[in-house]
Amino acid sequence: MIRTLRALVWLRWRLLYNGLRSGRKRGKLETISRAAEIVLPILLMLMLVPMAIGSGVLGFLSGWWLAQGVGPGGKETSLMAVMFLTRLALGAFLVMVVVLPLIRSVRGVGGSMSRLLLLPIPRAALHLGDLLSVFADPGIAVALPLTVSIAAGLVAGGRFVGALIALAAAVAIIAVCAAAGSITSSLLHLAFRNRRAAEWITLFATLGLSYSGLVWMFFVDGGQKNDGHIDVNLHGSGVLETPTWSAILPSELWARVVILAGSGRAAGALLSLLALCGVALAVLAVSGRLYARVLETPAISGGRRSGGAHGVRLWHIPGLSPAASAVAVTQVRTLLRTVRGRIAVWFLPLPMLAVGFMLRRDHPEFAESTAYASPGLLLAALGLPITFISLQMVHLNQFATDAAGLSLQFLAPISDRDLVLGKAAGGGFLVALALLLFGAVGLIAGPGPLGWMWICLPLAALSCWALYAPLAGFLSAVFPKTADLSRIGKGGNPHGLAGLFGFIAIPLGYLPAALIVLIAGMLLGMPLLAVGLLVLWCAAALGIGSLLLRVTAKALAERRETIALVAQGR
Amino acid sequence: MSLEGGAEPGVALSTRGLRRTFGDLVAVDGIDLEVPRGALYGFLGPNGAGKSTTIKCLTGLLRPSAGEIRILGMDPAAQPVEVKKKVGVMPEDLALFDRLTGAETLSFVGQVHGIAKETIQRRTEELLALMDLAGARDALIADYSHGMRKKISLAAALLPGPRLLFLDEPFEGIDAVASRQIKDLLASFTRGGGTIFLTSHILEIVERLSDHIGIIHKGRLVAQGPVEELRTGARLGKTLEEIFLEIVGASSAPTATLDWLGGP
């Protein structure tokens with residue numbers, strides 16, 4: 001068993017280490033990019049060390065104060081505050097244990113168990129290895145010193161029996177943490193067996209994690225202002241009190257054991273310890289059953305749609321050759337079937353809608369249109385840069401994101417110019433789609449009386465896209481990066497330098513249109529002139545963009561081999 | 001044979017001094033291929049011999065470091081789009097979009113070849129039925145099995161009605177029924193005047209199907225010609241496997257004993 005566990009630990013280490021090692025290098029840019037990838041995790045690990053030390057000190061002091069019966073300053077209330085803090089920290093760690101595997105799965109980290117199953121390793125050892133692997137999570141590495149050092153603090157305070165009970169409670173709560181982490185991992189393994197289910201989980205987990213920050217806004221009582229401070233209504237929860245239902249939480253059970261043991265009430269502490277051990281055993285049993293279920297059916301298969309008899313719609317975009325049109329349609333089809341594509345196009349306006357709702361509720365004065373803006377117009381205008389930024393992952397890596405599909409395009413009779421033109425058209429359609437939704441959100445929030453400004457928005461977007469598309473294609477050709485747009489995290493992002501240049505290009509692309517609206521429409525007060533000038537600028541930008549696409553096509557021709565290799569992940 | 005001014009009418013594919021290097025590594029070292037029109041040319045070689053690199057050079061995925069290529073009388077470097085219109089390829093990585101359905105993949109290929117919509121739809125249905133993929137026509141390629149991916153990739157190569165087919169390991173991971181169907185399909189393709197250039201590790205299949213064979217070893221073309229011609233002379237009566245092993249020098253390789261295998 002020990003040999004097996006040692007081998008599993010070694011395997012985990014090698015997987016981590018080899019993941020950081022550079023593969024086949026194709027240039028200095030890639031070396032720099034990889035170096036950045038290595039430095040970041042090391043910095044994070046270094047940051048954990050003081051956190052672990054701090055957690056150990058907090059635990060030790062809590063134990064010592066508990067043994068004394070008084071907290072800092074010799075007050076009983078301060079002792080309760082310290083214990084509350086400790087309980088809160090442990091509760092947070094417990095939540096982290098459950099959430100971390102979810103984030104990891106969403107980001108696409110995780111290995112196959114098929115190889116391990118083929119080896120002569122007892123299933124119990126595999127389960128134990130899985131339980132122990134939870135301790136590699138940073139949150140647990142920080143929580144561990146907290147629970148153990150409380151027992152040390154109690155010993156220092158002279159509560160030896162209490163220290164023993166607290167140590168047993170530490171073991172039990174750690175077992176709960178490990179089992180909870182294992183349960184989450186197993187559930188995700190089972191769910192991710194089906195590709196479609198995995199993608200929906202990823203989508204909702206990402207939306208949930210990203211937008212959870214907005215939830216607090218709904219609890220803010222914006223109507224009452226107190227010297228400029230906003231009161232957060234926590235609905236009666238006291239500073240040191242926790243709700244009654246929380247007593248059944250393992251972290252609360254653990255706190256009860258420790259407080260009773262620290263105050264010399266051994267019988268009560270043992271009773272609570274018994275309850276905590278019962279919870280630990282139950283969670284471990286569930287974790288074992290789920291893990292066995294995962295091992296029994298390790299192969300991952302995709303959900304298949306039943307075969308219908310409906311034909312494929314063959315769209316043709318007017319003005320484009322059949323090849324360029326096919327490239328554009330495929331670009332749109334494939335992106336809207338990825339998690340990141342769906343989020344960027346369909347779900348991005350949602351937070352704007354929430355912001356609009358909040359502004360109307362809390363700041364009625366803002367909801368009133370002024371001479372130059374209405375709340376809806378402002379929200380829709382915000383969509384102009386946001387749409388470009390959110391779709392960067394495909395615009396700035398438009399070739400490599402096709403993965404093996406890129407070879408299909410390279411093998412097909414498509415000229416380089418048709419390929420970049422098709423990509424530009426497809427990307428433009430995606431931007432237009434997302435902007436339409438932003439526009440709809442703006443109209444819901446309040447269109448206002450400024451009709452001419454609403455006409456300016458799509459014209460500004462078109463002029464910016466006309467200049468941005470060739471640059472995006474060029475950056476995609478020069479800085480390709482292996483990417484999977486159905487995974488969240490760095491794995492789906494474009495190359496860092498492409499992202500940087502692309503980000504700078506967005507405001508520059510909008511600048512002429514913004515100046516036209518500002519000068520002709522607002523300063524001179526001639527909206528018709530502003531719209532007319534914008535139309536002219538759009539025509540000029542499309543002409544310039546068309547010329548620039550030739551440069552992009554040349555860059556693509558030069559970089560075909562490298563892009564194809566990168567697209568395949570080599 | 002001269003490659004200047006177009007290839008000979010009877011030659012579908014020819015190369016002269018084709019060479020491809022990756023830094024110091026010479027993957028393909030000056031090979032002279034000649035594939036007659038209507039032939040099923042088996043391109044053999046051990047792992048790492050340069051087969052896939054050669055196919056990538058011939059299909060335009062890699063640019064040769066030196067040498068000339070003629071495909072159906074055209075220079076693919078000068079007329080890449082024209083050449084690709086007449087060529088179908090099933091490459092090593094199968095070249096498929098994971099996020100398109102089988103039917104959409106075939107439609108995409110048809111559209112980029114400029115084929116009329118009705119023709120695309122008719123050919124799509126015929127190919128899906130032939131490859132036994134009609135039931136999975138609306139499933140994403142991401143959900144296809146390896147064998148299904150192979151079949152849809154082959155269907156994509158066939159849809160435009162090419163005159164020359166490049167197939168990289170077409171029988172690997174294919175079940176017996178599909179394998180038989182594909183063999184019949186390839187035979188009918190060559191009977192109709194089409195040319196096939198295929199690589200395979202299954203020498204029995206290559207021996208049975210191919211009428212011409214080329215053997216590449218360490219980047220060099222070490223043998224080429226009609227199968228019967230290779231069998232005659234010094235190699236009379238030998239199977240293709242024996243000829244292949246003899247040419248690439250594997251028959252004389254020392255066999256490790258691994259005494260510990262099969263022990264108690």
# chains A, B, ... in the order shown; residues from 1 in each chain; ligands from 1
>>> closest_atom_pairs(of="chain B", to="chain A", cutoff="9 Å", atoms="only C-alpha atoms", output="Markdown table")
| residue | atom | partner | partner_atom | distance |
| --- | --- | --- | --- | --- |
| B:Thr59 | CA | A:Leu411 | CA | 6.8 |
| B:Gly60 | CA | A:Leu411 | CA | 7.0 |
| B:Leu61 | CA | A:Glu561 | CA | 6.7 |
| B:Leu62 | CA | A:Glu561 | CA | 6.1 |
| B:Arg63 | CA | A:Glu561 | CA | 7.9 |
| B:Pro80 | CA | A:Pro413 | CA | 7.3 |
| B:Val81 | CA | A:Pro413 | CA | 4.4 |
| B:Glu82 | CA | A:Pro413 | CA | 7.0 |
| B:Val83 | CA | A:Pro413 | CA | 7.7 |
| B:Lys84 | CA | A:Pro413 | CA | 4.9 |
| B:Lys85 | CA | A:Pro413 | CA | 5.5 |
| B:Lys86 | CA | A:Pro413 | CA | 8.9 |
| B:Val87 | CA | A:Ala412 | CA | 8.8 |
| B:Gly88 | CA | A:Leu411 | CA | 8.3 |
| B:Val89 | CA | A:Leu411 | CA | 7.2 |
| B:Pro91 | CA | A:Ser407 | CA | 8.5 |
| B:Asp93 | CA | A:Ala404 | CA | 6.8 |
| B:Leu94 | CA | A:Ala404 | CA | 7.4 |
| B:Ala95 | CA | A:Ala404 | CA | 4.6 |
| B:Leu96 | CA | A:Gly405 | CA | 4.5 |
| B:Phe97 | CA | A:Gly405 | CA | 4.2 |
| B:Asp98 | CA | A:Gly405 | CA | 7.4 |
| B:Arg99 | CA | A:Thr334 | CA | 5.0 |
| B:Leu100 | CA | A:Thr334 | CA | 6.3 |
| B:Ala103 | CA | A:Val312 | CA | 6.6 |
| B:Glu104 | CA | A:Val312 | CA | 6.1 |
| B:Ser107 | CA | A:Leu314 | CA | 7.2 |
| B:Phe108 | CA | A:Ala326 | CA | 6.0 |
| B:Val109 | CA | A:Ala412 | CA | 7.2 |
| B:Gln111 | CA | A:Pro322 | CA | 5.9 |
| B:Val112 | CA | A:Ala323 | CA | 3.9 |
| B:His113 | CA | A:Pro413 | CA | 6.3 |
| B:Gly114 | CA | A:Pro322 | CA | 5.9 |
| B:Ile115 | CA | A:Pro322 | CA | 8.8 |
| B:Lys117 | CA | A:Leu314 | CA | 7.1 |
| B:Gln121 | CA | A:Gly311 | CA | 7.5 |
| B:Ala134 | CA | A:Gly307 | CA | 7.0 |
| B:Gly135 | CA | A:Gly307 | CA | 4.4 |
| B:Ala136 | CA | A:Gly307 | CA | 5.1 |
| B:Arg137 | CA | A:Gly307 | CA | 5.9 |
| B:Asp138 | CA | A:Gly307 | CA | 5.6 |
| B:Ala139 | CA | A:Arg305 | CA | 5.1 |
| B:Leu140 | CA | A:Arg304 | CA | 7.5 |
| B:Ala142 | CA | A:Gly302 | CA | 7.4 |
| B:Asp143 | CA | A:Gly302 | CA | 4.8 |
| B:Tyr144 | CA | A:Gly302 | CA | 7.9 |
| B:Ser145 | CA | A:Ser301 | CA | 8.8 |
>>> write_last_selection(atoms="N, CA and C atoms", output="compact mmCIF listing (two decimals), in the first residue's frame")
# COMPACT_ATOMS: atom_id res chain seq x y z
N THR B 59 0.58 17.24 -50.54
CA THR B 59 -0.76 17.83 -50.42
C THR B 59 -0.72 19.31 -50.07
N GLY B 60 0.46 19.87 -49.94
CA GLY B 60 0.57 21.32 -49.72
C GLY B 60 0.58 21.73 -48.27
N LEU B 61 0.55 20.77 -47.33
CA LEU B 61 0.57 21.15 -45.92
C LEU B 61 1.98 21.53 -45.48
N LEU B 62 2.98 21.00 -46.16
CA LEU B 62 4.37 21.39 -45.89
C LEU B 62 5.00 21.85 -47.20
N ARG B 63 5.88 22.82 -47.07
CA ARG B 63 6.58 23.32 -48.25
C ARG B 63 7.88 22.54 -48.39
N PRO B 80 -1.77 26.23 -56.38
CA PRO B 80 -2.25 25.41 -55.26
C PRO B 80 -3.75 25.16 -55.27
N VAL B 81 -4.52 26.21 -55.60
CA VAL B 81 -5.98 26.04 -55.54
C VAL B 81 -6.46 25.10 -56.65
N GLU B 82 -5.89 25.24 -57.84
CA GLU B 82 -6.29 24.38 -58.97
C GLU B 82 -5.97 22.92 -58.67
N VAL B 83 -4.80 22.68 -58.09
CA VAL B 83 -4.42 21.30 -57.76
C VAL B 83 -5.38 20.73 -56.71
N LYS B 84 -5.67 21.53 -55.69
CA LYS B 84 -6.51 21.03 -54.59
C LYS B 84 -7.93 20.72 -55.06
N LYS B 85 -8.35 21.38 -56.13
CA LYS B 85 -9.69 21.11 -56.65
C LYS B 85 -9.81 19.69 -57.20
N LYS B 86 -8.67 19.13 -57.59
CA LYS B 86 -8.70 17.81 -58.22
C LYS B 86 -8.17 16.70 -57.31
N VAL B 87 -7.87 17.08 -56.08
CA VAL B 87 -7.24 16.13 -55.17
C VAL B 87 -8.10 15.96 -53.92
N GLY B 88 -8.20 14.73 -53.44
CA GLY B 88 -8.88 14.46 -52.17
C GLY B 88 -7.87 13.91 -51.19
N VAL B 89 -7.96 14.34 -49.93
CA VAL B 89 -6.95 13.91 -48.95
C VAL B 89 -7.61 13.43 -47.66
N PRO B 91 -5.89 12.94 -44.35
CA PRO B 91 -4.57 13.02 -43.72
C PRO B 91 -4.47 12.24 -42.42
N ASP B 93 -4.08 13.30 -39.34
CA ASP B 93 -4.90 13.79 -38.21
C ASP B 93 -6.37 13.88 -38.57
N LEU B 94 -6.74 13.41 -39.74
CA LEU B 94 -8.10 13.36 -40.27
C LEU B 94 -8.69 14.73 -40.62
N ALA B 95 -8.13 15.80 -40.08
CA ALA B 95 -8.51 17.16 -40.47
C ALA B 95 -10.02 17.39 -40.39
N LEU B 96 -10.56 17.32 -39.20
CA LEU B 96 -12.00 17.51 -39.02
C LEU B 96 -12.27 18.57 -37.96
N PHE B 97 -13.34 19.31 -38.15
CA PHE B 97 -13.79 20.25 -37.12
C PHE B 97 -14.59 19.44 -36.09
N ASP B 98 -14.16 19.48 -34.84
CA ASP B 98 -14.88 18.76 -33.79
C ASP B 98 -16.30 19.26 -33.63
N ARG B 99 -16.49 20.55 -33.91
CA ARG B 99 -17.79 21.17 -33.62
C ARG B 99 -18.69 21.28 -34.84
N LEU B 100 -18.41 20.51 -35.88
CA LEU B 100 -19.36 20.40 -36.99
C LEU B 100 -19.95 19.01 -36.95
N ALA B 103 -22.71 15.72 -41.42
CA ALA B 103 -23.33 16.28 -42.63
C ALA B 103 -22.79 17.68 -42.91
N GLU B 104 -22.59 18.47 -41.87
CA GLU B 104 -22.06 19.83 -42.07
C GLU B 104 -20.63 19.78 -42.61
N SER B 107 -20.85 19.17 -46.23
CA SER B 107 -21.37 20.37 -46.90
C SER B 107 -20.28 21.43 -47.03
N PHE B 108 -19.50 21.58 -45.96
CA PHE B 108 -18.41 22.56 -45.98
C PHE B 108 -17.44 22.25 -47.12
N VAL B 109 -17.06 20.97 -47.22
CA VAL B 109 -16.11 20.57 -48.27
C VAL B 109 -16.70 20.83 -49.65
N GLN B 111 -18.98 23.03 -50.46
CA GLN B 111 -19.09 24.47 -50.71
C GLN B 111 -17.75 25.08 -51.11
N VAL B 112 -16.69 24.69 -50.40
CA VAL B 112 -15.39 25.30 -50.74
C VAL B 112 -14.88 24.83 -52.10
N HIS B 113 -15.42 23.70 -52.57
CA HIS B 113 -15.07 23.25 -53.92
C HIS B 113 -15.98 23.89 -54.96
N GLY B 114 -16.91 24.70 -54.51
CA GLY B 114 -17.79 25.39 -55.44
C GLY B 114 -18.81 24.49 -56.11
N ILE B 115 -19.19 23.40 -55.44
CA ILE B 115 -20.16 22.46 -56.03
C ILE B 115 -21.58 23.00 -55.78
N LYS B 117 -25.47 23.34 -54.75
CA LYS B 117 -26.10 22.90 -53.51
C LYS B 117 -26.77 21.53 -53.65
N GLN B 121 -25.90 18.08 -51.58
CA GLN B 121 -26.87 17.36 -50.75
C GLN B 121 -26.99 15.90 -51.20
N ALA B 134 -25.34 7.43 -41.75
CA ALA B 134 -26.59 8.18 -41.89
C ALA B 134 -27.24 8.42 -40.52
N GLY B 135 -27.12 7.47 -39.62
CA GLY B 135 -27.72 7.61 -38.29
C GLY B 135 -27.00 8.62 -37.42
N ALA B 136 -25.79 8.98 -37.81
CA ALA B 136 -25.01 9.93 -36.99
C ALA B 136 -24.76 11.22 -37.75
N ARG B 137 -25.56 11.47 -38.78
CA ARG B 137 -25.32 12.63 -39.64
C ARG B 137 -25.38 13.95 -38.87
N ASP B 138 -26.26 14.02 -37.84
CA ASP B 138 -26.42 15.27 -37.11
C ASP B 138 -25.70 15.27 -35.76
N ALA B 139 -24.86 14.26 -35.54
CA ALA B 139 -24.04 14.25 -34.31
C ALA B 139 -22.76 15.03 -34.58
N LEU B 140 -22.25 15.71 -33.56
CA LEU B 140 -20.99 16.43 -33.73
C LEU B 140 -19.85 15.44 -33.92
N ALA B 142 -17.12 15.61 -32.59
CA ALA B 142 -16.54 15.39 -31.26
C ALA B 142 -17.11 14.13 -30.61
N ASP B 143 -18.32 13.75 -31.02
CA ASP B 143 -18.95 12.57 -30.43
C ASP B 143 -18.77 11.31 -31.27
N TYR B 144 -18.06 11.41 -32.37
CA TYR B 144 -17.82 10.24 -33.23
C TYR B 144 -16.72 9.36 -32.63
N SER B 145 -16.83 8.06 -32.90
CA SER B 145 -15.75 7.15 -32.52
C SER B 145 -14.60 7.32 -33.52
>>> residues_around(residues="segment 30-42 of chain B", least_positions_apart="2", cutoff="7 Å", atoms="only C-alpha atoms", output="list in words")
Gly10, Val11, Ala12, Leu13, Ser14, Thr15, Arg16, Gly17, Leu18, Arg19, Val28, Leu44, Thr190, Gly193, Gly194, Thr195, Ile196, Phe197, Leu198, Thr199, Val206, Ser210, Asp211, His212, Ile213, Gly214, Arg220 and Leu221 of chain B
>>> residues_around(residues="Ala328 of chain A", least_positions_apart="6", cutoff="10 Å", atoms="only C-alpha atoms", output="ChimeraX atom specification")
/A:315-317,320,322,418-430
>>> write_last_selection(atoms="C-alpha atoms", output="mmCIF file, in the first residue's frame")
data_model
loop_
_atom_site.group_PDB
_atom_site.id
_atom_site.type_symbol
_atom_site.label_atom_id
_atom_site.label_comp_id
_atom_site.auth_asym_id
_atom_site.auth_seq_id
_atom_site.Cartn_x
_atom_site.Cartn_y
_atom_site.Cartn_z
ATOM 1 C CA TRP A 315 -25.811 29.486 -46.372
ATOM 2 C CA HIS A 316 -24.103 31.733 -48.851
ATOM 3 C CA ILE A 317 -23.033 35.212 -47.790
ATOM 4 C CA LEU A 320 -18.150 36.481 -50.856
ATOM 5 C CA PRO A 322 -18.400 30.158 -52.040
ATOM 6 C CA ASP A 418 -10.507 33.822 -49.230
ATOM 7 C CA LEU A 419 -9.535 32.220 -45.937
ATOM 8 C CA VAL A 420 -8.776 35.520 -44.173
ATOM 9 C CA LEU A 421 -11.802 37.165 -45.803
ATOM 10 C CA GLY A 422 -14.055 34.329 -44.629
ATOM 11 C CA LYS A 423 -12.619 34.551 -41.118
ATOM 12 C CA ALA A 424 -13.143 38.332 -41.090
ATOM 13 C CA ALA A 425 -16.740 37.940 -42.241
ATOM 14 C CA GLY A 426 -17.440 35.200 -39.682
ATOM 15 C CA GLY A 427 -15.847 37.241 -36.902
ATOM 16 C CA GLY A 428 -17.831 40.301 -37.982
ATOM 17 C CA PHE A 429 -21.061 38.321 -37.831
ATOM 18 C CA LEU A 430 -20.267 37.226 -34.277
#
>>> residues_around(residues="Ile259 of chain A", least_positions_apart="6", cutoff="12 Å", atoms="only C-alpha atoms", output="ChimeraX atom specification")
/A:62-70,79-80,82-84,86-87,150-151,154,159,162-163,165-166,169,252-253,265-266,268-270,272-273
>>> write_last_selection(atoms="C-alpha atoms", output="PDB file, in the first residue's frame")
ATOM      1  CA  SER A  62      -6.971  30.202  19.624  1.00  0.00           C
ATOM      2  CA  GLY A  63      -6.082  26.987  21.485  1.00  0.00           C
ATOM      3  CA  TRP A  64      -4.036  28.829  24.080  1.00  0.00           C
ATOM      4  CA  TRP A  65      -6.693  31.516  24.700  1.00  0.00           C
ATOM      5  CA  LEU A  66      -9.331  28.793  24.827  1.00  0.00           C
ATOM      6  CA  ALA A  67      -7.355  26.998  27.532  1.00  0.00           C
ATOM      7  CA  GLN A  68      -7.095  30.285  29.491  1.00  0.00           C
ATOM      8  CA  GLY A  69     -10.812  30.950  29.145  1.00  0.00           C
ATOM      9  CA  VAL A  70     -10.187  34.511  27.970  1.00  0.00           C
ATOM     10  CA  LEU A  79     -12.206  34.825  22.808  1.00  0.00           C
ATOM     11  CA  MET A  80     -15.563  34.224  21.127  1.00  0.00           C
ATOM     12  CA  VAL A  82     -11.299  34.607  17.789  1.00  0.00           C
ATOM     13  CA  MET A  83     -13.170  31.301  17.783  1.00  0.00           C
ATOM     14  CA  PHE A  84     -15.716  32.720  15.360  1.00  0.00           C
ATOM     15  CA  THR A  86     -11.363  30.275  13.295  1.00  0.00           C
ATOM     16  CA  ARG A  87     -14.712  28.598  12.537  1.00  0.00           C
ATOM     17  CA  ILE A 150      -5.213  24.406  18.074  1.00  0.00           C
ATOM     18  CA  ALA A 151      -4.355  21.149  19.844  1.00  0.00           C
ATOM     19  CA  LEU A 154      -4.357  23.680  24.227  1.00  0.00           C
ATOM     20  CA  ARG A 159      -5.420  21.306  28.689  1.00  0.00           C
ATOM     21  CA  GLY A 162      -8.758  18.672  25.668  1.00  0.00           C
ATOM     22  CA  ALA A 163      -5.742  18.702  23.318  1.00  0.00           C
ATOM     23  CA  ILE A 165      -9.844  15.476  21.820  1.00  0.00           C
ATOM     24  CA  ALA A 166      -9.030  18.486  19.633  1.00  0.00           C
ATOM     25  CA  ALA A 169     -11.401  16.385  15.938  1.00  0.00           C
ATOM     26  CA  GLU A 252     -19.405  23.938  13.322  1.00  0.00           C
ATOM     27  CA  LEU A 253     -19.317  20.462  14.878  1.00  0.00           C
ATOM     28  CA  ARG A 265     -16.077  19.936  29.407  1.00  0.00           C
ATOM     29  CA  ALA A 266     -14.702  16.599  28.178  1.00  0.00           C
ATOM     30  CA  GLY A 268     -19.771  17.166  26.002  1.00  0.00           C
ATOM     31  CA  ALA A 269     -16.714  17.400  23.770  1.00  0.00           C
ATOM     32  CA  LEU A 270     -16.591  13.626  23.337  1.00  0.00           C
ATOM     33  CA  SER A 272     -19.764  16.180  19.766  1.00  0.00           C
ATOM     34  CA  LEU A 273     -16.618  14.393  18.608  1.00  0.00           C
TER      35      LEU A 273
END
>>> select_by_dssp(residues="segment 57-238 of chain B", states="strand (DSSP E)", output="ChimeraX atom specification")
/B:66-71,87-90,164-168,195-199,212-217,220-226
>>> write_last_selection(atoms="N, CA and C atoms", output="compact mmCIF listing (two decimals), in the first residue's frame")
# COMPACT_ATOMS: atom_id res chain seq x y z
N ALA B 66 13.44 21.42 -51.00
CA ALA B 66 14.01 21.39 -52.36
C ALA B 66 13.25 20.38 -53.19
N GLY B 67 13.43 20.45 -54.50
CA GLY B 67 12.81 19.48 -55.39
C GLY B 67 11.56 20.01 -56.06
N GLU B 68 11.05 19.18 -56.97
CA GLU B 68 9.87 19.58 -57.74
C GLU B 68 8.76 18.56 -57.57
N ILE B 69 7.54 19.05 -57.65
CA ILE B 69 6.37 18.17 -57.57
C ILE B 69 5.45 18.48 -58.75
N ARG B 70 4.90 17.44 -59.35
CA ARG B 70 3.88 17.61 -60.39
C ARG B 70 2.69 16.75 -60.00
N ILE B 71 1.54 17.37 -59.94
CA ILE B 71 0.33 16.62 -59.62
C ILE B 71 -0.68 16.86 -60.74
N VAL B 87 -7.87 17.08 -56.08
CA VAL B 87 -7.24 16.13 -55.17
C VAL B 87 -8.10 15.96 -53.92
N GLY B 88 -8.20 14.73 -53.44
CA GLY B 88 -8.88 14.46 -52.17
C GLY B 88 -7.87 13.91 -51.19
N VAL B 89 -7.96 14.34 -49.93
CA VAL B 89 -6.95 13.91 -48.95
C VAL B 89 -7.61 13.43 -47.66
N MET B 90 -7.16 12.28 -47.20
CA MET B 90 -7.51 11.86 -45.84
C MET B 90 -6.19 11.84 -45.06
N LEU B 164 -7.33 12.35 -57.90
CA LEU B 164 -6.21 11.74 -57.17
C LEU B 164 -6.53 11.77 -55.67
N LEU B 165 -6.38 10.61 -55.04
CA LEU B 165 -6.71 10.51 -53.61
C LEU B 165 -5.44 10.21 -52.82
N PHE B 166 -5.22 10.98 -51.76
CA PHE B 166 -4.12 10.68 -50.83
C PHE B 166 -4.76 10.13 -49.55
N LEU B 167 -4.41 8.92 -49.19
CA LEU B 167 -4.99 8.31 -48.00
C LEU B 167 -3.87 7.88 -47.05
N ASP B 168 -3.86 8.50 -45.88
CA ASP B 168 -2.82 8.16 -44.89
C ASP B 168 -3.42 7.18 -43.89
N THR B 195 -6.68 7.88 -59.36
CA THR B 195 -5.40 7.40 -58.85
C THR B 195 -5.40 7.50 -57.32
N ILE B 196 -4.82 6.51 -56.69
CA ILE B 196 -4.77 6.53 -55.22
C ILE B 196 -3.32 6.38 -54.75
N PHE B 197 -2.98 7.23 -53.81
CA PHE B 197 -1.65 7.17 -53.18
C PHE B 197 -1.93 6.92 -51.70
N LEU B 198 -1.63 5.70 -51.24
CA LEU B 198 -1.98 5.41 -49.84
C LEU B 198 -0.80 4.85 -49.06
N THR B 199 -0.84 5.16 -47.77
CA THR B 199 0.13 4.55 -46.86
C THR B 199 -0.63 3.62 -45.94
N HIS B 212 1.12 -0.70 -57.64
CA HIS B 212 2.45 -0.11 -57.60
C HIS B 212 2.84 0.13 -56.15
N ILE B 213 4.12 0.03 -55.90
CA ILE B 213 4.58 0.21 -54.52
C ILE B 213 5.85 1.05 -54.48
N GLY B 214 5.92 1.89 -53.45
CA GLY B 214 7.17 2.62 -53.19
C GLY B 214 7.54 2.39 -51.74
N ILE B 215 8.80 2.15 -51.49
CA ILE B 215 9.23 1.93 -50.10
C ILE B 215 10.23 3.01 -49.71
N ILE B 216 9.89 3.71 -48.62
CA ILE B 216 10.76 4.78 -48.14
C ILE B 216 11.41 4.32 -46.83
N HIS B 217 12.69 4.63 -46.71
CA HIS B 217 13.41 4.24 -45.50
C HIS B 217 14.42 5.34 -45.17
N ARG B 220 14.71 8.12 -47.69
CA ARG B 220 15.09 7.83 -49.08
C ARG B 220 14.15 6.78 -49.68
N LEU B 221 13.87 6.95 -50.96
CA LEU B 221 13.04 5.96 -51.65
C LEU B 221 13.94 4.79 -52.04
N VAL B 222 13.74 3.65 -51.38
CA VAL B 222 14.68 2.53 -51.60
C VAL B 222 14.15 1.52 -52.62
N ALA B 223 12.87 1.59 -52.90
CA ALA B 223 12.33 0.71 -53.95
C ALA B 223 11.06 1.33 -54.50
N GLN B 224 10.81 1.10 -55.79
CA GLN B 224 9.60 1.63 -56.41
C GLN B 224 9.30 0.84 -57.67
N GLY B 225 8.03 0.58 -57.90
CA GLY B 225 7.66 -0.08 -59.14
C GLY B 225 6.41 -0.90 -58.97
N PRO B 226 5.99 -1.58 -60.07
CA PRO B 226 4.82 -2.46 -59.98
C PRO B 226 5.10 -3.60 -59.00
>>> closest_residue(among="A:Ala292, A:Pro494, A:Leu353, A:Arg360", to="Pro122 of chain A", atoms="only C-alpha atoms")
A:Ala292
>>> residues_around(residues="Met453 of chain A", least_positions_apart="6", cutoff="10 Å", atoms="only C-alpha atoms", output="number ranges by chain")
A: 372-374, 377, 381, 517, 521, 527, 530-531
>>> decode(residues="segment 204-217 of chain B", atoms="C-alpha atoms", output="tab-separated table (two decimals), in the first residue's frame")
chain	number	residue	atom	x	y	z
B	204	GLU	CA	-1.38	-7.75	-46.59
B	205	ILE	CA	-3.93	-5.12	-47.58
B	206	VAL	CA	-1.39	-3.10	-49.53
B	207	GLU	CA	-0.21	-6.26	-51.31
B	208	ARG	CA	-3.76	-7.21	-52.24
B	209	LEU	CA	-4.89	-3.73	-53.32
B	210	SER	CA	-1.88	-2.00	-54.78
B	211	ASP	CA	-0.52	-2.41	-58.24
B	212	HIS	CA	2.45	-0.11	-57.60
B	213	ILE	CA	4.58	0.21	-54.52
B	214	GLY	CA	7.17	2.62	-53.19
B	215	ILE	CA	9.23	1.93	-50.10
B	216	ILE	CA	10.76	4.78	-48.14
B	217	HIS	CA	13.41	4.24	-45.50
